[in-house]
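Below: work-v5.txt (compact mmCIF, C-alpha atoms)
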# COMPACT_ATOMS: atom_id res chain seq x y z
CA MET A 25 0.00 0.00 0.00
CA SER A 26 1.12 3.52 -0.63
CA GLY A 27 0.67 6.53 1.62
CA LEU A 28 -3.00 7.40 1.35
CA GLY A 29 -2.93 10.45 3.53
CA SER A 30 -5.44 11.46 6.18
CA GLY A 31 -6.01 15.10 5.30
CA SER A 32 -9.41 16.76 5.03
CA ILE A 33 -11.54 15.99 1.99
CA THR A 34 -11.68 18.62 -0.74
CA PRO A 35 -14.17 19.08 -3.61
CA GLY A 36 -13.69 17.18 -6.85
CA LEU A 37 -12.83 13.88 -5.16
CA MET A 38 -14.73 10.65 -5.62
CA ALA A 39 -14.36 6.88 -5.54
CA GLU A 40 -16.37 4.29 -7.46
CA ARG A 41 -16.36 0.69 -8.50
CA ALA A 42 -14.95 0.20 -12.01
CA GLU A 43 -16.38 -2.58 -14.17
CA MET A 44 -14.53 -1.50 -17.30
CA LEU A 45 -11.82 0.99 -18.21
CA ASP A 46 -11.57 3.02 -21.38
CA GLU A 47 -8.15 3.83 -22.82
CA ASP A 48 -7.86 7.17 -21.03
CA ASP A 49 -8.78 5.65 -17.66
CA LEU A 50 -6.42 2.73 -18.16
CA GLN A 51 -3.54 5.02 -19.02
CA ALA A 52 -4.19 7.26 -16.01
CA LEU A 53 -4.43 4.23 -13.71
CA CYS A 54 -1.18 2.73 -14.97
CA GLU A 55 0.59 6.06 -14.57
CA SER A 56 -0.66 6.43 -11.00
CA VAL A 57 0.59 2.94 -10.10
CA ASP A 58 4.06 3.53 -11.50
CA ALA A 59 4.23 6.88 -9.72
CA SER A 60 3.22 5.21 -6.44
CA ILE A 61 5.90 2.54 -6.82
CA LEU A 62 8.52 5.26 -7.40
CA GLY A 63 7.11 7.11 -4.40
CA GLY A 64 7.72 4.27 -1.99
CA GLY A 65 5.67 1.22 -2.82
CA GLY A 66 2.13 0.29 -3.59
CA PHE A 67 1.52 -2.95 -5.42
CA GLY A 68 4.21 -5.22 -4.07
CA TRP A 69 6.44 -4.21 -6.95
CA VAL A 70 9.60 -2.30 -6.09
CA LYS A 71 10.30 -1.05 -9.62
CA PRO A 72 7.91 0.60 -12.13
CA GLN A 73 6.35 -1.97 -14.47
CA GLY A 74 5.32 0.11 -17.46
CA ARG A 75 2.07 0.32 -19.39
CA SER A 76 1.96 -3.14 -21.01
CA VAL A 77 2.46 -5.10 -17.76
CA LEU A 78 -0.01 -3.02 -15.78
CA GLU A 79 -2.58 -3.05 -18.57
CA ARG A 80 -2.60 -6.86 -18.60
CA TYR A 81 -2.82 -6.87 -14.83
CA PHE A 82 -5.86 -4.60 -14.62
CA ARG A 83 -7.68 -6.26 -17.49
CA GLY A 84 -7.17 -9.56 -15.73
CA ILE A 85 -8.88 -8.30 -12.58
CA PHE A 86 -12.22 -8.12 -14.44
CA LEU A 87 -11.96 -11.83 -15.22
CA VAL A 88 -11.85 -12.85 -11.54
CA PRO A 89 -15.38 -12.98 -10.02
CA GLU A 90 -14.08 -12.64 -6.45
CA ARG A 91 -12.28 -9.33 -7.15
CA MET A 92 -13.85 -5.88 -7.42
CA LEU A 93 -11.79 -2.91 -8.60
CA PHE A 94 -12.40 0.54 -7.11
CA VAL A 95 -10.82 3.70 -8.45
CA ALA A 96 -10.23 7.12 -6.91
CA ARG A 97 -10.71 10.19 -9.08
CA GLN A 98 -9.60 13.79 -8.75
CA ASP A 99 -11.54 16.09 -11.07
CA GLY A 100 -12.57 13.04 -13.11
CA ASN A 101 -9.06 11.62 -13.56
CA ILE A 102 -8.05 8.30 -11.97
CA VAL A 103 -5.26 8.85 -9.45
CA GLY A 104 -5.55 5.72 -7.31
CA SER A 105 -7.25 2.38 -6.83
CA ALA A 106 -7.91 -0.55 -4.51
CA GLN A 107 -9.48 -3.97 -4.69
CA LEU A 108 -12.13 -5.67 -2.59
CA VAL A 109 -11.53 -9.43 -2.58
CA ARG A 110 -14.35 -11.76 -1.59
CA PRO A 111 -13.64 -15.24 -0.18
CA SER A 112 -14.06 -18.06 -2.66
CA ARG A 113 -17.08 -20.36 -2.45
CA SER A 114 -14.84 -23.13 -1.15
CA ASN A 115 -13.68 -21.00 1.81
CA GLU A 116 -16.72 -21.37 4.06
CA ALA A 117 -14.70 -20.91 7.24
CA GLN A 118 -13.84 -17.33 6.24
CA ALA A 119 -17.03 -16.46 4.39
CA MET A 120 -17.78 -13.62 6.82
CA THR A 121 -14.60 -11.68 5.93
CA ALA A 122 -13.63 -9.65 2.87
CA ASN A 123 -10.13 -8.33 2.20
CA ALA A 124 -9.04 -4.94 0.91
CA MET A 125 -5.77 -4.89 -0.99
CA GLN A 126 -3.60 -3.05 -3.51
CA PHE A 127 -4.44 0.40 -2.18
CA HIS A 128 -2.58 3.23 -3.79
CA ILE A 129 -2.94 6.96 -4.26
CA ALA A 130 -0.46 8.59 -6.62
CA PRO A 131 2.03 10.95 -4.89
CA TYR A 132 0.65 13.92 -6.81
CA ALA A 133 -2.83 13.35 -5.32
CA ARG A 134 -1.99 12.65 -1.69
CA GLY A 135 -2.88 14.70 1.37
CA ILE A 136 -6.30 15.85 0.13
CA GLY A 137 -8.49 13.08 1.52
CA LEU A 138 -8.75 10.69 -1.43
CA GLY A 139 -7.53 7.73 0.61
CA ARG A 140 -10.41 8.17 3.03
CA VAL A 141 -12.92 8.52 0.20
CA LEU A 142 -11.64 5.31 -1.39
CA ILE A 143 -11.73 3.30 1.83
CA GLU A 144 -15.20 4.55 2.74
CA GLU A 145 -16.53 3.41 -0.64
CA ILE A 146 -15.07 -0.06 -0.10
CA LEU A 147 -16.43 -0.23 3.45
CA LYS A 148 -19.88 0.73 2.22
CA CYS A 149 -19.79 -1.96 -0.44
CA ALA A 150 -18.51 -4.70 1.90
CA ARG A 151 -21.07 -3.76 4.55
CA ALA A 152 -23.95 -3.81 2.06
CA MET A 153 -22.84 -7.24 0.84
CA GLY A 154 -23.26 -8.57 4.36
CA TYR A 155 -19.62 -9.09 5.33
CA GLN A 156 -18.91 -8.84 9.03
CA PHE A 157 -15.22 -7.92 8.83
CA LEU A 158 -12.81 -6.20 6.46
CA THR A 159 -9.11 -7.02 6.70
CA LEU A 160 -6.07 -5.36 5.13
CA ASP A 161 -2.31 -5.23 5.54
CA VAL A 162 0.36 -2.59 4.90
CA ARG A 163 4.12 -2.09 5.03
CA GLU A 164 5.29 -0.40 8.22
CA THR A 165 6.96 2.27 6.07
CA GLN A 166 3.59 3.54 4.85
CA GLY A 167 2.98 5.92 7.74
CA GLY A 168 0.22 7.91 6.08
CA ALA A 169 -1.81 4.81 5.32
CA ILE A 170 -1.35 3.44 8.84
CA ALA A 171 -2.48 6.71 10.38
CA LEU A 172 -5.53 6.74 8.14
CA PHE A 173 -6.54 3.18 9.02
CA ARG A 174 -6.23 3.89 12.72
CA SER A 175 -8.31 7.06 12.37
CA MET A 176 -11.04 4.98 10.69
CA GLU A 177 -11.08 2.55 13.65
CA PHE A 178 -9.26 -0.35 12.04
CA GLU A 179 -7.71 -2.53 14.75
CA HIS A 180 -4.03 -3.45 14.44
CA TRP A 181 -4.03 -7.11 15.44
CA GLY A 182 -0.69 -8.45 14.27
CA THR A 183 2.72 -7.83 12.73
CA ASN A 184 4.72 -9.92 10.27
CA PRO A 185 8.47 -9.25 10.71
CA TYR A 186 9.21 -10.77 7.26
CA TYR A 187 6.50 -8.99 5.26
CA ALA A 188 8.52 -7.54 2.36
CA LEU A 189 12.06 -7.43 0.99
CA VAL A 190 12.82 -3.99 -0.43
CA GLU A 191 16.27 -3.13 -1.75
CA GLY A 192 17.85 -5.85 0.36
CA ARG A 193 16.15 -4.73 3.59
CA MET A 194 13.42 -6.68 5.37
CA VAL A 195 10.33 -4.57 6.06
CA ARG A 196 7.66 -5.47 8.60
CA GLY A 197 3.96 -5.61 7.72
CA LEU A 198 1.02 -4.57 9.88
CA TYR A 199 -2.33 -6.38 9.79
CA PHE A 200 -5.62 -4.58 10.44
CA VAL A 201 -9.26 -5.60 10.81
CA LYS A 202 -12.47 -3.58 11.03
CA ARG A 203 -15.84 -4.84 12.22
CA LEU A 204 -18.54 -3.91 9.70
CA GLN A 205 -21.84 -5.00 11.26
CA GLU A 206 -23.09 -3.77 14.62
CA GLN A 207 -24.75 -7.08 15.45
CA SER A 208 -22.36 -9.68 14.05
CA ARG A 209 -23.30 -13.19 15.14
CA LEU A 210 -20.40 -15.62 15.27
CA VAL A 211 -20.30 -19.32 16.03
CA GLN A 212 -17.68 -20.37 18.57
CA ASN A 213 -17.46 -24.05 19.37
CA GLY A 214 -21.08 -24.54 18.39
CA ALA A 215 -22.52 -21.52 20.24
CA VAL A 216 -23.30 -17.97 19.15
CA SER A 217 -20.91 -15.41 20.60
CA GLU A 218 -20.09 -11.74 20.17
CA PHE A 219 -16.79 -9.86 20.29
CA GLU A 220 -14.97 -10.49 23.54
CA ASN A 221 -13.10 -7.53 25.06
CA GLY A 222 -13.35 -5.76 21.74
CA LYS A 223 -11.62 -8.57 19.87
CA PRO A 224 -13.16 -11.20 17.61
CA ALA A 225 -13.75 -14.60 19.14
CA ASP A 226 -12.52 -17.77 17.46
CA MET A 227 -14.44 -17.74 14.18
CA THR A 228 -15.33 -21.05 12.61
CA ALA A 229 -18.58 -20.44 10.70
CA ARG A 230 -21.07 -17.76 9.82
CA ALA A 231 -24.69 -17.80 10.87
CA LEU A 232 -27.20 -17.65 8.03
CA THR A 233 -29.03 -14.34 7.88
CA LEU A 234 -32.80 -14.45 8.37
CA TYR A 235 -34.63 -11.76 6.42
CA PRO A 236 -38.21 -11.31 7.72
CA ALA A 237 -40.42 -10.38 4.80
CA ILE A 238 -42.67 -7.33 4.76
CA ASP A 239 -44.78 -7.58 1.62
CA LEU A 240 -46.84 -4.48 0.90
CA LYS A 241 -50.20 -4.37 -0.86
CA ASP A 242 -52.36 -1.25 -0.78
CA GLY A 243 -50.33 0.09 2.14
CA ALA A 244 -50.75 -3.00 4.34
CA CYS A 245 -48.44 -5.88 5.27
CA VAL A 246 -49.67 -9.05 3.54
CA ARG A 247 -48.55 -12.48 2.42
CA LEU A 248 -49.52 -14.06 -0.88
CA ARG A 249 -49.92 -17.70 -1.80
CA ARG A 250 -47.96 -18.67 -4.94
CA GLY A 251 -47.66 -15.00 -5.81
CA GLU A 252 -51.38 -14.54 -6.51
CA MET A 253 -52.50 -11.00 -5.70
CA ASP A 254 -56.07 -12.21 -5.22
CA ASP A 255 -54.93 -14.71 -2.58
CA ALA A 256 -53.51 -12.37 0.05
CA THR A 257 -53.73 -12.41 3.85
CA VAL A 258 -53.44 -9.06 5.64
CA TYR A 259 -51.29 -9.23 8.79
CA SER A 260 -50.85 -5.57 9.68
CA ASP A 261 -52.04 -2.19 8.50
CA ASP A 262 -49.08 -0.44 10.18
CA PRO A 263 -45.83 -1.16 8.27
CA GLY A 264 -43.78 1.02 10.60
CA ALA A 265 -44.90 -0.92 13.66
CA GLN A 266 -44.15 -4.20 11.90
CA ALA A 267 -40.63 -3.00 11.12
CA ARG A 268 -40.09 -2.10 14.78
CA ALA A 269 -41.39 -5.50 15.87
CA TRP A 270 -38.97 -7.40 13.65
CA CYS A 271 -36.04 -5.25 14.78
CA GLU A 272 -36.93 -5.82 18.43
CA ALA A 273 -37.11 -9.56 17.73
CA GLY A 274 -33.41 -9.53 16.89
CA PHE A 275 -33.37 -9.62 13.08
CA ASN A 276 -30.43 -7.85 11.42
CA TRP A 277 -32.08 -7.15 8.06
CA LEU A 278 -35.58 -6.44 6.72
CA HIS A 279 -36.78 -7.64 3.32
CA VAL A 280 -39.49 -5.41 1.82
CA VAL A 281 -41.43 -5.99 -1.40
CA ASP A 282 -43.79 -3.49 -3.02
CA LEU A 283 -46.26 -5.96 -4.52
CA ASN A 284 -48.36 -3.34 -6.27
CA GLY A 285 -45.17 -1.88 -7.68
CA ALA A 286 -44.05 -5.25 -9.01
CA PHE A 287 -47.19 -5.47 -11.11
CA ALA A 288 -47.37 -1.78 -12.05
CA GLY A 289 -43.67 -1.43 -12.94
CA ARG A 290 -43.17 1.54 -10.60
CA SER A 291 -43.15 2.15 -6.86
CA ALA A 292 -46.71 2.12 -5.53
CA ASN A 293 -46.40 1.82 -1.73
CA THR A 294 -44.09 4.77 -1.23
CA ASP A 295 -45.54 5.98 2.07
CA ALA A 296 -45.51 2.50 3.58
CA VAL A 297 -41.86 1.94 2.60
CA LYS A 298 -40.88 5.29 4.10
CA GLN A 299 -42.61 4.31 7.34
CA ILE A 300 -40.55 1.13 7.43
CA VAL A 301 -37.28 2.98 6.83
CA ALA A 302 -38.11 5.52 9.51
CA ASN A 303 -38.79 2.80 12.08
CA ALA A 304 -36.08 0.29 11.18
CA LYS A 305 -32.84 0.18 13.15
CA VAL A 306 -31.32 -2.34 10.74
CA PRO A 307 -30.60 -2.30 6.99
CA VAL A 308 -33.58 -2.64 4.64
CA GLN A 309 -33.57 -4.15 1.16
CA LEU A 310 -36.43 -3.24 -1.18
CA GLY A 311 -37.83 -4.82 -4.33
CA GLY A 312 -40.86 -4.37 -6.53
CA GLY A 313 -41.35 -1.94 -9.41
CA LEU A 314 -37.79 -0.66 -9.64
CA ARG A 315 -37.18 -0.35 -13.36
CA ASP A 316 -34.95 2.73 -13.85
CA LEU A 317 -31.87 4.40 -12.40
CA ALA A 318 -33.82 7.37 -11.08
CA GLY A 319 -36.04 5.14 -8.97
CA ILE A 320 -33.09 3.12 -7.70
CA GLU A 321 -31.13 6.23 -6.73
CA SER A 322 -34.16 7.81 -5.09
CA TRP A 323 -34.70 4.88 -2.74
CA LEU A 324 -31.00 4.52 -1.90
CA GLU A 325 -30.89 8.19 -0.98
CA ALA A 326 -34.07 7.73 1.08
CA GLY A 327 -32.37 5.21 3.36
CA ILE A 328 -32.80 1.86 1.63
CA SER A 329 -29.56 -0.14 1.96
CA ARG A 330 -30.01 -2.41 -1.07
CA VAL A 331 -32.48 -2.52 -3.92
CA ILE A 332 -33.68 -5.74 -5.54
CA LEU A 333 -34.04 -5.85 -9.31
CA GLY A 334 -36.27 -8.62 -10.64
CA SER A 335 -38.09 -8.35 -13.97
CA VAL A 336 -35.67 -5.73 -15.25
CA ALA A 337 -32.82 -8.24 -14.82
CA VAL A 338 -34.35 -10.25 -17.67
CA LYS A 339 -35.61 -7.43 -19.85
CA ASN A 340 -32.90 -4.82 -19.38
CA PRO A 341 -29.64 -6.39 -18.13
CA GLU A 342 -27.68 -3.29 -19.13
CA LEU A 343 -29.62 -1.29 -16.56
CA VAL A 344 -28.55 -3.79 -13.90
CA ARG A 345 -24.94 -3.50 -15.00
CA GLU A 346 -25.07 0.30 -14.90
CA ALA A 347 -26.77 0.27 -11.49
CA CYS A 348 -24.06 -2.04 -10.13
CA ARG A 349 -21.40 0.31 -11.45
CA LEU A 350 -23.02 3.39 -9.92
CA PHE A 351 -24.02 1.78 -6.63
CA PRO A 352 -21.51 -1.02 -5.89
CA GLY A 353 -22.60 -3.51 -3.26
CA ARG A 354 -26.14 -2.12 -3.14
CA ILE A 355 -27.81 -3.98 -6.01
CA VAL A 356 -29.37 -7.42 -5.50
CA ALA A 357 -30.90 -9.57 -8.24
CA GLY A 358 -34.21 -11.21 -7.49
CA ILE A 359 -34.59 -14.42 -9.49
CA ASP A 360 -38.10 -15.80 -9.24
CA ALA A 361 -38.64 -19.13 -10.93
CA ARG A 362 -41.42 -21.57 -11.62
CA MET A 363 -40.07 -25.09 -12.11
CA GLY A 364 -36.64 -23.68 -12.89
CA PHE A 365 -37.75 -21.05 -15.43
CA VAL A 366 -37.56 -17.35 -14.65
CA ALA A 367 -40.85 -15.55 -13.93
CA THR A 368 -41.31 -11.80 -14.42
CA GLU A 369 -43.87 -9.00 -14.06
CA GLY A 370 -44.80 -9.84 -10.48
CA TRP A 371 -44.69 -13.56 -11.37
CA ALA A 372 -47.45 -13.09 -13.95
CA GLU A 373 -45.21 -14.20 -16.85
CA VAL A 374 -42.82 -17.14 -17.18
CA SER A 375 -39.89 -16.88 -19.59
CA ASP A 376 -37.88 -19.61 -21.30
CA MET A 377 -34.69 -18.66 -19.41
CA GLN A 378 -33.20 -20.99 -16.82
CA ALA A 379 -32.63 -19.51 -13.37
CA THR A 380 -28.97 -20.58 -13.40
CA ASP A 381 -28.37 -18.80 -16.72
CA LEU A 382 -29.81 -15.58 -15.34
CA GLY A 383 -27.74 -16.03 -12.19
CA LEU A 384 -24.53 -16.10 -14.21
CA ARG A 385 -25.59 -13.00 -16.12
CA MET A 386 -26.31 -11.16 -12.87
CA GLN A 387 -22.97 -12.26 -11.43
CA ASP A 388 -21.24 -10.82 -14.47
CA ALA A 389 -23.24 -7.59 -14.06
CA GLY A 390 -21.80 -7.19 -10.58
CA VAL A 391 -24.73 -7.77 -8.21
CA ALA A 392 -23.98 -8.10 -4.51
CA ALA A 393 -26.28 -11.09 -4.00
CA ILE A 394 -29.07 -13.13 -5.60
CA ILE A 395 -32.43 -13.88 -4.00
CA PHE A 396 -33.86 -17.11 -5.38
CA THR A 397 -37.57 -17.86 -5.01
CA GLU A 398 -39.40 -20.93 -6.29
CA ILE A 399 -42.80 -19.29 -6.59
CA SER A 400 -44.79 -22.53 -6.71
CA ARG A 401 -43.79 -22.92 -3.05
CA ASP A 402 -44.03 -19.28 -1.90
CA GLY A 403 -46.51 -18.88 0.93
CA MET A 404 -47.38 -22.58 0.90
CA LEU A 405 -45.36 -23.46 4.04
CA GLU A 406 -44.19 -26.72 2.43
CA GLY A 407 -40.45 -26.07 2.51
CA LEU A 408 -37.82 -24.49 0.31
CA ASP A 409 -36.73 -25.93 -3.02
CA LEU A 410 -33.33 -26.87 -1.67
CA ASN A 411 -32.15 -28.60 -4.83
CA GLN A 412 -32.66 -25.55 -7.03
CA THR A 413 -31.24 -23.23 -4.37
CA ALA A 414 -28.11 -25.36 -4.00
CA GLU A 415 -27.70 -25.67 -7.77
CA LEU A 416 -27.78 -21.90 -8.18
CA ALA A 417 -25.38 -21.35 -5.26
CA GLN A 418 -22.94 -23.84 -6.78
CA THR A 419 -23.20 -22.15 -10.19
CA VAL A 420 -22.52 -18.54 -9.19
CA SER A 421 -19.86 -16.98 -6.98
CA VAL A 422 -22.06 -14.30 -5.37
CA PRO A 423 -24.09 -15.04 -2.20
CA VAL A 424 -27.51 -16.67 -2.67
CA ILE A 425 -30.49 -15.97 -0.40
CA ALA A 426 -33.16 -18.67 -0.33
CA SER A 427 -36.86 -17.82 -0.42
CA GLY A 428 -40.25 -19.42 -0.85
CA GLY A 429 -41.97 -22.02 1.30
CA VAL A 430 -40.49 -21.94 4.81
CA GLY A 431 -43.16 -23.24 7.18
CA SER A 432 -41.33 -24.80 10.12
CA LEU A 433 -38.08 -24.96 12.05
CA ASP A 434 -37.38 -28.24 10.28
CA HIS A 435 -37.31 -26.36 6.98
CA LEU A 436 -34.72 -23.93 8.36
CA ALA A 437 -32.69 -26.79 9.80
CA ALA A 438 -32.73 -28.50 6.41
CA LEU A 439 -31.44 -25.32 4.77
CA ARG A 440 -28.72 -25.06 7.40
CA ARG A 441 -27.56 -28.58 6.59
CA VAL A 442 -27.42 -27.83 2.89
CA ALA A 443 -25.61 -24.55 3.54
CA SER A 444 -22.95 -26.43 5.49
CA GLN A 445 -22.13 -28.24 2.25
CA VAL A 446 -22.82 -25.36 -0.18
CA SER A 447 -20.94 -22.30 1.00
CA GLY A 448 -22.66 -19.90 -1.40
CA ILE A 449 -25.96 -19.88 0.55
CA GLU A 450 -25.97 -16.73 2.70
CA GLY A 451 -29.46 -16.50 4.19
CA VAL A 452 -33.19 -17.08 3.90
CA ILE A 453 -36.35 -15.00 3.64
CA VAL A 454 -39.27 -16.01 5.87
CA GLY A 455 -42.74 -14.53 5.81
CA ARG A 456 -46.00 -16.31 6.56
CA ALA A 457 -44.51 -18.74 9.10
CA LEU A 458 -43.29 -15.84 11.25
CA TYR A 459 -46.58 -13.96 11.02
CA ASP A 460 -48.62 -17.09 11.81
CA GLY A 461 -46.46 -17.95 14.79
CA ARG A 462 -45.43 -21.31 13.34
CA ILE A 463 -41.83 -20.18 13.88
CA SER A 464 -40.70 -17.89 16.69
CA PRO A 465 -37.95 -15.38 15.88
CA ALA A 466 -35.76 -16.67 18.72
CA ASP A 467 -36.02 -20.29 17.58
CA ALA A 468 -35.37 -19.33 13.96
CA LEU A 469 -32.22 -17.37 14.83
CA ARG A 470 -31.02 -20.21 17.02
CA VAL A 471 -31.41 -22.80 14.25
CA LEU A 472 -29.71 -20.62 11.64
CA SER A 473 -26.75 -19.86 13.89
Once you've parsed the file, please lay out its structure as structure tokens.
Amino acid sequence: MSGLGSGSITPGLMAERAEMLDEDDLQALCESVDASILGGGGFGWVKPQGRSVLERYFRGIFLVPERMLFVARQDGNIVGSAQLVRPSRSNEAQAMTANAMQFHIAPYARGIGLGRVLIEEILKCARAMGYQFLTLDVRETQGGAIALFRSMEFEHWGTNPYYALVEGRMVRGLYFVKRLQEQSRLVQNGAVSEFENGKPADMTARALTLYPAIDLKDGACVRLRRGEMDDATVYSDDPGAQARAWCEAGFNWLHVVDLNGAFAGRSANTDAVKQIVANAKVPVQLGGGLRDLAGIESWLEAGISRVILGSVAVKNPELVREACRLFPGRIVAGIDARMGFVATEGWAEVSDMQATDLGLRMQDAGVAAIIFTEISRDGMLEGLDLNQTAELAQTVSVPVIASGGVGSLDHLAALRRVASQVSGIEGVIVGRALYDGRISPADALRVLS
């Protein structure tokens, strides 16, 4: 890592996820890397590499699903970058932790706050993707970077005395970690535990996240059977109170769907969603009727943590790709299927596309996660389609959230067993069974831990 600087932020600075680089951006990025190497390190290289080597390197990053490239810009020009590296699907033991690496800010752009802007963008992305910790490491000679990490509450947990060999001299490396979620649930020797004395406990597995569903129809909280709008049960006419209840029950996320919006193609339960956001103390993800960038941006600015794109994923994949570029880590694909084929328009239409094919397209677009629902089971309380869920999770590298059909603790236990073998399954959405009292929140959280 190079010195990122911890000065105050000035206008004209920004950081964003890059999914492609034009020739001007690529040239600016390569120049900033070589300048950083000359200025005291940055990429592990000790000598400038030149345009051709660095160009191949950066183009290769886009071919690795687990790596996300972020760039820092000053007045529109790239002057630095970093990467967010997700654990591979085979690394279940460390699935709760993402790693930040290859930070650099060119010497000519240091001291104005760009390092902080870049790190904050990566933290926001990692947090929205559900990771509990972000780790990074740095040479001890990079004083500016170390000061910045400490100021942003990264914890220095270890030192490697043989970290790097630079010009014949051994340089130590410092290792840092930052906790991302306020209510991280860890499993220690078979039991849920929290941080102990401010330090992470022995981490061996990650609890599955339970997303209680708040489905909105005509301003009320309802549940449908098999996605039929005419077969709805009203559970509450106060969405804000329902949000508070689920937060108080111990859930760390809320899953909200604007059912009218899903059919109309535009947000229809705006007031109800705003009530939920105002009353929720945890992140909220929202789907239903989001078909353009303006609508997506509006809800993200209004306090929604992640938006779910469903029908538009099939009909306008370029919009998904652009949304992922503009809002990294905050776009989720909702794949609803009937017998393995993707359904759209509020489940009213079934396409000829396989769910796994759409999953790969959404992975390539850059989504943070995929919600998979077998709609023939949704609201029927007969259990999840574990085979299809596992198949999708084994096909893609992004986290998969299961949905549709949970009716008992046995169904959650069955998912937990599958997830122990298929590391890509991150969580599950539960609706009717929670509202009916078939499953208590405490028992559900216990089983999924």
Report task. Choose the residue, out of A:Val201, A:Asn411, A:Leu343, A:Gly451, that has the smallest atom-to-atom separation from Thr233 (chain A); count only C-alpha atoms. Result -> A:Gly451
Near region 385-394 of chain A, 10 Å: region 120-206 of chain A residue rows, closest pairs, all atoms listed in the file, as CSV:
residue,atom,partner,partner_atom,distance
A:Cys149,CA,A:Ala392,CA,8.5
A:Ala150,CA,A:Ala392,CA,9.1
A:Ala152,CA,A:Ala392,CA,7.8
A:Met153,CA,A:Ala392,CA,5.5
A:Gly154,CA,A:Ala392,CA,8.9
Report task. For Lys305 (chain A), list every protein, DNA or RNA residue within 10 Å, evaluated using only C-alpha atoms, and leave out those in the same chain fewer than 6 positions away; present the list as a list in words. Result -> Ala267, Arg268, Trp270, Cys271, Glu272, Phe275, Asn276, Trp277 and Leu278 of chain A
Query raised in the report: Near region 41-46 of chain A, within 9 Å and counting only C-alpha atoms, which residues show up once chain neighbours fewer than 5 positions away are dropped, as an MDAnalysis selection string?
Result: chainID A and resid 51 82:83 86 92:95 145:146 345 348:352 389:390
Kindly save the residues from that selection, with C-alpha atoms included, as a JSON list (two decimals), in the frame of the given file.
[["chain", "number", "residue", "atom", "x", "y", "z"],
["A", 51, "GLN", "CA", -3.54, 5.02, -19.02],
["A", 82, "PHE", "CA", -5.86, -4.60, -14.62],
["A", 83, "ARG", "CA", -7.68, -6.26, -17.49],
["A", 86, "PHE", "CA", -12.22, -8.12, -14.44],
["A", 92, "MET", "CA", -13.85, -5.88, -7.42],
["A", 93, "LEU", "CA", -11.79, -2.91, -8.60],
["A", 94, "PHE", "CA", -12.40, 0.54, -7.11],
["A", 95, "VAL", "CA", -10.82, 3.70, -8.45],
["A", 145, "GLU", "CA", -16.53, 3.41, -0.64],
["A", 146, "ILE", "CA", -15.07, -0.06, -0.10],
["A", 345, "ARG", "CA", -24.94, -3.50, -15.00],
["A", 348, "CYS", "CA", -24.06, -2.04, -10.13],
["A", 349, "ARG", "CA", -21.40, 0.31, -11.45],
["A", 350, "LEU", "CA", -23.02, 3.39, -9.92],
["A", 351, "PHE", "CA", -24.02, 1.78, -6.63],
["A", 352, "PRO", "CA", -21.51, -1.02, -5.89],
["A", 389, "ALA", "CA", -23.24, -7.59, -14.06],
["A", 390, "GLY", "CA", -21.80, -7.19, -10.58]]
Report task. Could you jot down the CA of Leu458 (chain A) to CA of Val246 (chain A) separation for me, Å, one decimal place? Result -> 12.1 Å
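With CA of Pro185 (chain A) on one side and CA of Tyr199 (chain A) on the other, the separation reads 11.2 Å.
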Report task. Determine, counting all atoms listed in the file, which protein, DNA and RNA residues have an atom within 10 Å of an atom of Phe157 (chain A); residues of the same chain fewer than 5 positions away are not included. Present the result as a PyMOL selection string. Result -> chain A and resi 118-123+147+150-151+201-205+208+224
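Reported to one decimal place, the separation of CA of Pro236 (chain A) from CA of Thr397 (chain A) is 14.3 Å.
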Query raised in the report: Is there a way to get, as a ChimeraX atom specification, all residues within 9 Å of the point (-47.4, -2.3, 6.5) in file coordinates, counting all atoms listed in the file?
Result: /A:238-246,259-267,296-297,299-300
**Report entry** Shell of 12 Å around Phe67 (chain A), only C-alpha atoms, local chain residues under 3 positions omitted, as a ChimeraX atom specification
**Finding:** /A:25-27,54,56-64,70-73,78,81-82,104-107,125-130,161-163,188
Enclosing box along x, y and z for every listed atom of region 312-322 of chain A, padded 3 Å each side, centre and size in Å, one decimal, as AutoDock Vina command-line options:
--center_x -36.2 --center_y 1.7 --center_z -9.5 --size_x 16.2 --size_y 18.2 --size_z 14.8
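Among the candidate residues A:Val366, A:Leu408, A:Leu310, A:Val344, the one lying nearest to Ser329 (chain A) is A:Leu310, with distances computed using all atoms listed in the file.
Among the candidates A:Gly167, A:Glu90, A:Gly139, A:Val258, the one nearest to Asn115 (chain A) when counting only C-alpha atoms is A:Glu90.
Residues in contact with Val338 (chain A) at up to 8 Å, not including ones fewer than 3 positions away on its chain and judged by only C-alpha atoms, are Gly334, Ser335, Pro341, Thr368 and Leu382 of chain A.
You can rank A:Ile425, A:Ala269, A:Ala414, A:Ile136 by their closest distance to Ile332 (chain A) using all atoms listed in the file, and at the top of that list sits A:Ile425.
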